[in-house]
Structure formats: C-alpha cells, structure tokens
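Q: Structure file structure18.txt (compact mmCIF, C-alpha atoms) is given on the next line.
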```
# COMPACT_ATOMS: atom_id res chain seq x y z
CA GLY R 19 0.00 0.00 0.00
CA ALA R 20 0.97 3.65 -0.27
CA GLY R 21 3.24 5.07 2.39
CA VAL R 22 3.45 8.56 3.83
CA SER R 23 3.75 11.06 1.01
CA GLN R 24 5.35 14.47 1.37
CA SER R 25 5.49 17.32 -1.12
CA PRO R 26 7.44 19.00 -2.42
CA SER R 27 10.53 16.86 -2.02
CA ASN R 28 12.72 19.94 -2.32
CA LYS R 29 11.91 23.59 -1.75
CA VAL R 30 14.20 26.58 -2.18
CA THR R 31 12.86 29.88 -0.95
CA GLU R 32 14.12 33.36 -0.25
CA LYS R 33 14.51 34.60 3.28
CA GLY R 34 11.31 36.28 4.45
CA LYS R 35 8.96 34.29 2.23
CA ASP R 36 6.27 31.94 3.54
CA VAL R 37 6.33 28.23 2.69
CA GLU R 38 3.83 25.39 2.98
CA LEU R 39 4.85 21.76 3.28
CA ARG R 40 2.33 19.02 2.72
CA CYS R 41 1.96 15.55 4.22
CA ASP R 42 -0.41 12.79 3.15
CA PRO R 43 -0.43 10.12 5.86
CA ILE R 44 -1.22 6.47 5.41
CA SER R 45 -4.95 5.98 5.06
CA GLY R 46 -6.58 5.12 8.38
CA HIS R 47 -3.74 6.44 10.52
CA THR R 48 -5.15 8.70 13.20
CA ALA R 49 -1.86 10.07 14.49
CA LEU R 50 0.35 12.40 12.47
CA TYR R 51 3.71 13.90 13.47
CA TRP R 52 6.08 16.50 12.11
CA TYR R 53 9.80 16.33 12.85
CA ARG R 54 12.68 18.51 11.71
CA GLN R 55 16.10 17.15 10.86
CA SER R 56 18.95 19.64 10.69
CA LEU R 57 22.72 19.42 10.88
CA GLY R 58 23.09 21.29 14.11
CA GLN R 59 20.06 20.01 15.98
CA GLY R 60 19.54 16.45 14.81
CA LEU R 61 15.96 15.19 14.80
CA GLU R 62 13.48 17.38 16.68
CA PHE R 63 9.82 16.80 17.38
CA LEU R 64 7.66 19.69 16.20
CA ILE R 65 3.97 18.85 16.53
CA TYR R 66 1.55 15.95 16.55
CA PHE R 67 -2.12 15.42 15.84
CA GLN R 68 -4.23 12.61 17.25
CA GLY R 69 -7.72 12.29 15.87
CA ASN R 70 -9.91 15.23 16.88
CA SER R 71 -7.87 16.10 19.97
CA ALA R 72 -6.06 19.40 20.27
CA PRO R 73 -2.62 19.07 18.70
CA ASP R 74 0.51 18.93 20.83
CA LYS R 75 2.46 21.95 19.62
CA SER R 76 5.13 21.81 22.26
CA GLY R 77 7.98 21.34 19.79
CA LEU R 78 7.29 24.28 17.48
CA PRO R 79 10.37 26.54 17.69
CA SER R 80 8.60 29.87 17.21
CA ASP R 81 5.25 31.41 16.37
CA ARG R 82 6.33 31.56 12.73
CA PHE R 83 5.61 27.83 12.60
CA SER R 84 2.09 26.46 12.44
CA ALA R 85 0.40 23.32 11.24
CA GLU R 86 -3.07 22.12 10.54
CA ARG R 87 -4.67 18.83 9.70
CA THR R 88 -7.82 18.95 7.65
CA GLY R 89 -10.43 16.23 7.88
CA GLY R 90 -8.18 14.07 9.97
CA SER R 91 -5.99 13.32 6.98
CA VAL R 92 -3.73 15.70 5.07
CA SER R 93 -1.54 18.02 7.08
CA THR R 94 0.18 21.27 6.12
CA LEU R 95 3.14 22.75 7.96
CA THR R 96 3.48 26.47 7.35
CA ILE R 97 6.56 28.53 8.05
CA GLN R 98 6.08 32.29 7.82
CA ARG R 99 8.84 34.79 7.15
CA THR R 100 11.42 32.06 6.66
CA GLN R 101 14.90 32.47 8.10
CA GLN R 102 18.12 30.74 7.08
CA GLU R 103 18.09 28.70 10.29
CA ASP R 104 14.83 27.12 9.08
CA SER R 105 16.80 25.24 6.43
CA ALA R 106 16.37 21.56 7.24
CA VAL R 107 14.62 18.38 6.19
CA TYR R 108 11.06 18.31 7.46
CA LEU R 109 9.82 14.78 8.09
CA CYS R 110 6.24 13.71 8.48
CA ALA R 111 5.21 10.44 10.12
CA SER R 112 1.93 8.73 10.82
CA SER R 113 0.77 5.85 12.99
CA LEU R 114 -2.45 4.01 13.63
CA GLU R 115 -2.81 5.53 17.09
CA ALA R 116 -0.64 7.80 19.17
CA THR R 117 -1.06 6.13 22.52
CA TYR R 118 -0.50 2.52 21.60
CA TYR R 119 3.09 1.38 21.75
CA ASN R 120 2.65 -1.30 19.10
CA SER R 121 1.71 1.36 16.60
CA PRO R 122 5.02 2.25 14.96
CA LEU R 123 5.72 5.47 13.11
CA HIS R 124 5.85 5.37 9.33
CA PHE R 125 7.97 8.19 7.99
CA GLY R 126 7.80 9.97 4.67
CA ASN R 127 10.93 10.81 2.70
CA GLY R 128 10.84 14.40 3.86
CA THR R 129 10.89 17.86 2.32
CA ARG R 130 14.32 19.45 2.07
CA LEU R 131 13.87 23.19 2.68
CA THR R 132 16.64 25.58 1.74
CA VAL R 133 16.29 29.25 2.67
CA THR R 134 18.62 31.52 0.72
CA ALA E 264 12.69 14.87 30.95
CA GLN E 265 14.30 12.45 28.55
CA SER E 266 17.50 12.36 26.59
CA VAL E 267 19.47 9.98 24.43
CA THR E 268 23.20 9.88 23.85
CA GLN E 269 24.71 7.94 20.99
CA LEU E 270 28.40 7.37 21.47
CA GLY E 271 30.27 7.79 18.23
CA SER E 272 28.90 9.82 15.36
CA HIS E 273 30.70 7.55 12.90
CA VAL E 274 31.40 3.82 13.10
CA SER E 275 33.32 1.93 10.46
CA VAL E 276 33.44 -1.87 10.22
CA SER E 277 34.54 -4.47 7.73
CA GLU E 278 32.00 -6.60 5.94
CA GLY E 279 31.33 -9.67 8.10
CA ALA E 280 32.48 -7.99 11.32
CA LEU E 281 30.39 -7.33 14.41
CA VAL E 282 28.36 -4.13 14.44
CA LEU E 283 27.97 -2.36 17.78
CA LEU E 284 26.21 1.00 17.98
CA ARG E 285 25.96 2.49 21.46
CA CYS E 286 22.98 4.24 22.99
CA ASN E 287 22.47 5.48 26.53
CA TYR E 288 19.26 7.06 27.69
CA SER E 289 17.97 9.17 30.52
CA SER E 290 14.32 9.07 31.49
CA SER E 291 12.37 9.97 34.60
CA VAL E 292 9.76 7.31 33.79
CA PRO E 293 10.16 3.73 32.50
CA PRO E 294 11.14 4.25 28.91
CA TYR E 295 10.16 2.79 25.62
CA LEU E 296 13.24 2.63 23.39
CA PHE E 297 13.60 2.43 19.64
CA TRP E 298 16.22 2.10 16.94
CA TYR E 299 15.55 3.61 13.53
CA VAL E 300 17.62 3.43 10.35
CA GLN E 301 17.78 6.09 7.66
CA TYR E 302 19.12 5.42 4.18
CA PRO E 303 20.22 8.39 2.03
CA ASN E 304 17.37 10.64 0.93
CA GLN E 305 14.80 8.50 2.69
CA GLY E 306 12.73 8.71 5.82
CA LEU E 307 13.32 6.68 8.95
CA GLN E 308 12.47 3.02 9.23
CA LEU E 309 11.88 1.21 12.51
CA LEU E 310 14.47 -1.48 13.22
CA LEU E 311 13.26 -2.61 16.63
CA LYS E 312 11.65 -1.44 19.84
CA TYR E 313 11.75 -2.19 23.54
CA THR E 314 8.41 -1.97 25.31
CA SER E 315 9.16 -3.62 28.68
CA ALA E 316 8.62 -7.20 27.61
CA ALA E 317 11.82 -9.12 26.82
CA THR E 318 15.02 -7.19 27.48
CA LEU E 319 16.66 -8.69 24.39
CA VAL E 320 14.84 -7.40 21.36
CA LYS E 321 15.23 -8.75 17.87
CA GLY E 322 14.52 -6.58 14.87
CA ILE E 323 14.69 -6.62 11.13
CA ASN E 324 17.77 -7.31 9.02
CA GLY E 325 19.44 -9.37 11.75
CA PHE E 326 19.77 -6.53 14.27
CA GLU E 327 19.09 -6.88 17.95
CA ALA E 328 19.40 -4.72 21.05
CA GLU E 329 19.50 -5.38 24.76
CA PHE E 330 17.87 -3.17 27.34
CA LYS E 331 20.05 -2.85 30.45
CA LYS E 332 18.36 -0.79 33.11
CA SER E 333 21.38 -0.79 35.44
CA GLU E 334 23.49 0.72 32.69
CA THR E 335 20.70 2.83 31.15
CA SER E 336 21.79 1.44 27.81
CA PHE E 337 20.16 0.06 24.69
CA HIS E 338 23.03 -0.83 22.37
CA LEU E 339 22.36 -2.13 18.87
CA THR E 340 24.27 -5.12 17.54
CA LYS E 341 24.51 -7.30 14.48
CA PRO E 342 26.86 -10.30 14.38
CA SER E 343 27.97 -9.87 10.78
CA ALA E 344 27.85 -6.60 8.86
CA HIS E 345 26.67 -6.44 5.29
CA MET E 346 27.37 -3.72 2.77
CA SER E 347 23.67 -2.92 2.68
CA ASP E 348 23.78 -2.00 6.39
CA ALA E 349 25.58 1.25 5.57
CA ALA E 350 23.20 3.98 6.75
CA GLU E 351 22.56 6.34 9.64
CA TYR E 352 21.12 4.86 12.81
CA PHE E 353 19.10 6.69 15.42
CA CYS E 354 18.26 5.66 18.95
CA ALA E 355 15.11 7.21 20.41
CA VAL E 356 13.14 7.21 23.63
CA SER E 357 9.52 7.91 24.48
CA GLY E 358 8.27 8.18 27.99
CA ARG E 359 5.01 7.06 29.45
CA ASN E 360 2.89 8.46 32.19
CA ALA E 361 -0.50 7.98 33.76
CA GLY E 362 -1.94 10.57 31.44
CA GLY E 363 -1.26 8.42 28.40
CA THR E 364 1.80 9.39 26.46
CA SER E 365 2.20 9.63 22.76
CA TYR E 366 4.64 6.94 21.80
CA GLY E 367 5.41 8.73 18.60
CA LYS E 368 6.63 11.81 20.41
CA LEU E 369 10.22 10.70 20.45
CA THR E 370 13.47 12.17 21.64
CA PHE E 371 16.22 11.12 19.26
CA GLY E 372 19.94 10.76 19.66
CA GLN E 373 22.27 12.58 17.28
CA GLY E 374 22.66 9.56 15.05
CA THR E 375 25.53 7.25 14.14
CA ILE E 376 26.66 6.85 10.56
CA LEU E 377 27.68 3.26 9.89
CA THR E 378 30.16 2.63 7.11
CA VAL E 379 30.82 -0.91 5.94
CA HIS E 380 33.92 -1.52 3.86
CA PRO E 381 34.82 -4.63 1.89
```
Mind turning this structure into structure tokens?

A:
Amino acid sequence: GAGVSQSPSNKVTEKGKDVELRCDPISGHTALYWYRQSLGQGLEFLIYFQGNSAPDKSGLPSDRFSAERTGGSVSTLTIQRTQQEDSAVYLCASSLEATYYNSPLHFGNGTRLTVT
Amino acid sequence: AQSVTQLGSHVSVSEGALVLLRCNYSSSVPPYLFWYVQYPNQGLQLLLKYTSAATLVKGINGFEAEFKKSETSFHLTKPSAHMSDAAEYFCAVSGRNAGGTSYGKLTFGQGTILTVHP
C-alpha cells in the first residue's frame, strides 16, 4: 500500500517568504507527526495530531511555525517569514494511534527546505 | 525529561564484522526505546523497539538490542555486517505516564553513521 507522502521533495525559498509543506499520511492512521532534521540540531519533534484532539504543539520553535490537519488526513506545515536557520529536512510520520506502543511510526521521505 | 546519547557519530566496520552501535538514555519514567535506520534521501524506518517485555529485542535485518536498566543502555548489535547496512542509525526514547503518552513523540539521539567496507 501507499506510504506517507510528502510534497514537495525539495523547496528553495528566499529569506522572508512563507512556505507550505504538505503531508499525506497512510490511510486510516489517526496520528500524524512532524519532525525537523537539521545538521546542528539532529531530529526534533515539532507537533503531533491525534484524531480530533487538540494538537501537541510543544515542539514548534517559534510562532512563525504552524500546522493544521484537515479532515483528519492531510496536514500542512506552514513557516512564515522564513529564516536561514529554518533550512532543514522536514519529516512527516503517521501511525495508527498515538497512545499505543505497538503502533510504529511510518515516515515519509521528507521535504528538504533551503532558505537563501 | 528524557534524553538519548549515541556514542560515536561515525562507526566503520569491515564486511562480516560485528556491528555495535551504542545508545544510553535518561528518562524519569520507564522508557520505551527504539532504533531507527535512515538510508540516504529516505525517511526513517523502525528497526526494533523495547516496550518492557523481553530485554533482548530482535529486529529486522538481523539486528538486535539489549535493554540494560542498570546501565541505562540500549546498544544495537549485528553479528555480521553487510554492505547494505551502511546507513545512519538513530536511537530514540519515548516516555510514558499515567496521562497516556504519545509513543510517537520521540526524543532522538544525534545519530551514528555506519560505514561498511569490503
């Protein structure tokens, strides 16, 4: 079956512009996560959604970052007024359920964001 | 609070040799521990997980890891390296509490790049 799909795979943007990154999770997965992978910081949790519950935004680095998940499926991560330190690979993952330990994360291939 | 330390950002082994990737964790609650592998330009793939059942956990591709509470370690091993094992490996921890944790909200180590040479 189809895995987690992320688009675009690569994005180059100018400093100060807004960007939107998209994630299509595996069908039927109720939990969706965003992580950021950068050279200096490694892999960092950003945000997760579980069903209709309020998202856990505790990992978002600043108020320039936001995410939404429409209809319990597709998610969009938006970065406003991009800065060079936002350059990273943004990984999306989904799982059947957030609170069940036998529900492993399935990761997409990521979006590589470069801010010039 | 949780943290993970992977000792050695780069490990190089010969094909057929033992692979040992080290991971130590810190957690204020009984942890769940994971090893993920990342191949170039791909996402992460779960190798194995420890969820408080057996302390010796077997995963895919011949990898296994042993949870040692006294040493707060969860080292990854494979008896005989293969060229296809060359990748970056991440150890991760998720905590659990009475409120019901999200097991996907992971704290990752910095990663270890494994190189396998002929």

Q: Chain E near chain R within 9 Å: what's each residue's closest atom pair and its distance in Å to one decimal, counting only C-alpha atoms, ordered by chain then ascending residue number, as JSON lines?

A:
```
{"residue": "E:Tyr295", "atom": "CA", "partner": "R:Tyr119", "partner_atom": "CA", "distance": 8.2}
{"residue": "E:Asn304", "atom": "CA", "partner": "R:Asn127", "partner_atom": "CA", "distance": 6.7}
{"residue": "E:Gln305", "atom": "CA", "partner": "R:Asn127", "partner_atom": "CA", "distance": 4.5}
{"residue": "E:Gly306", "atom": "CA", "partner": "R:Asn127", "partner_atom": "CA", "distance": 4.2}
{"residue": "E:Leu307", "atom": "CA", "partner": "R:Phe125", "partner_atom": "CA", "distance": 5.6}
{"residue": "E:Gln308", "atom": "CA", "partner": "R:Phe125", "partner_atom": "CA", "distance": 7.0}
{"residue": "E:Leu309", "atom": "CA", "partner": "R:Pro122", "partner_atom": "CA", "distance": 7.4}
{"residue": "E:Thr314", "atom": "CA", "partner": "R:Tyr119", "partner_atom": "CA", "distance": 7.2}
{"residue": "E:Gly363", "atom": "CA", "partner": "R:Thr117", "partner_atom": "CA", "distance": 6.3}
{"residue": "E:Thr364", "atom": "CA", "partner": "R:Thr117", "partner_atom": "CA", "distance": 5.9}
{"residue": "E:Ser365", "atom": "CA", "partner": "R:Thr117", "partner_atom": "CA", "distance": 4.8}
{"residue": "E:Tyr366", "atom": "CA", "partner": "R:Tyr119", "partner_atom": "CA", "distance": 5.8}
{"residue": "E:Gly367", "atom": "CA", "partner": "R:Ala116", "partner_atom": "CA", "distance": 6.1}
{"residue": "E:Lys368", "atom": "CA", "partner": "R:Phe63", "partner_atom": "CA", "distance": 6.7}
{"residue": "E:Leu369", "atom": "CA", "partner": "R:Phe63", "partner_atom": "CA", "distance": 6.8}
{"residue": "E:Thr370", "atom": "CA", "partner": "R:Glu62", "partner_atom": "CA", "distance": 7.2}
{"residue": "E:Phe371", "atom": "CA", "partner": "R:Leu61", "partner_atom": "CA", "distance": 6.0}
{"residue": "E:Gly372", "atom": "CA", "partner": "R:Gly60", "partner_atom": "CA", "distance": 7.5}
{"residue": "E:Gln373", "atom": "CA", "partner": "R:Gly60", "partner_atom": "CA", "distance": 5.3}
{"residue": "E:Gly374", "atom": "CA", "partner": "R:Gly60", "partner_atom": "CA", "distance": 7.6}
```

Q: Just how far from atom CA of Val133 of chain R is atom CA of Ala106 of chain R, in Å to one decimal?

A: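 Separation of atom CA of Ala106 of chain R and atom CA of Val133 of chain R: 8.9 Å.
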
Q: When you draw a straight line from atom CA of Ala350 of chain E to atom CA of His47 of chain R, how long is it in Å?

A: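 Atom CA of His47 of chain R lies 27.3 Å from atom CA of Ala350 of chain E.
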
Q: So which one's closest to His345 of chain E, E:Leu377, E:Val267, E:Leu319, E:Leu284? Using only C-alpha atoms, please.

A: E:Leu377
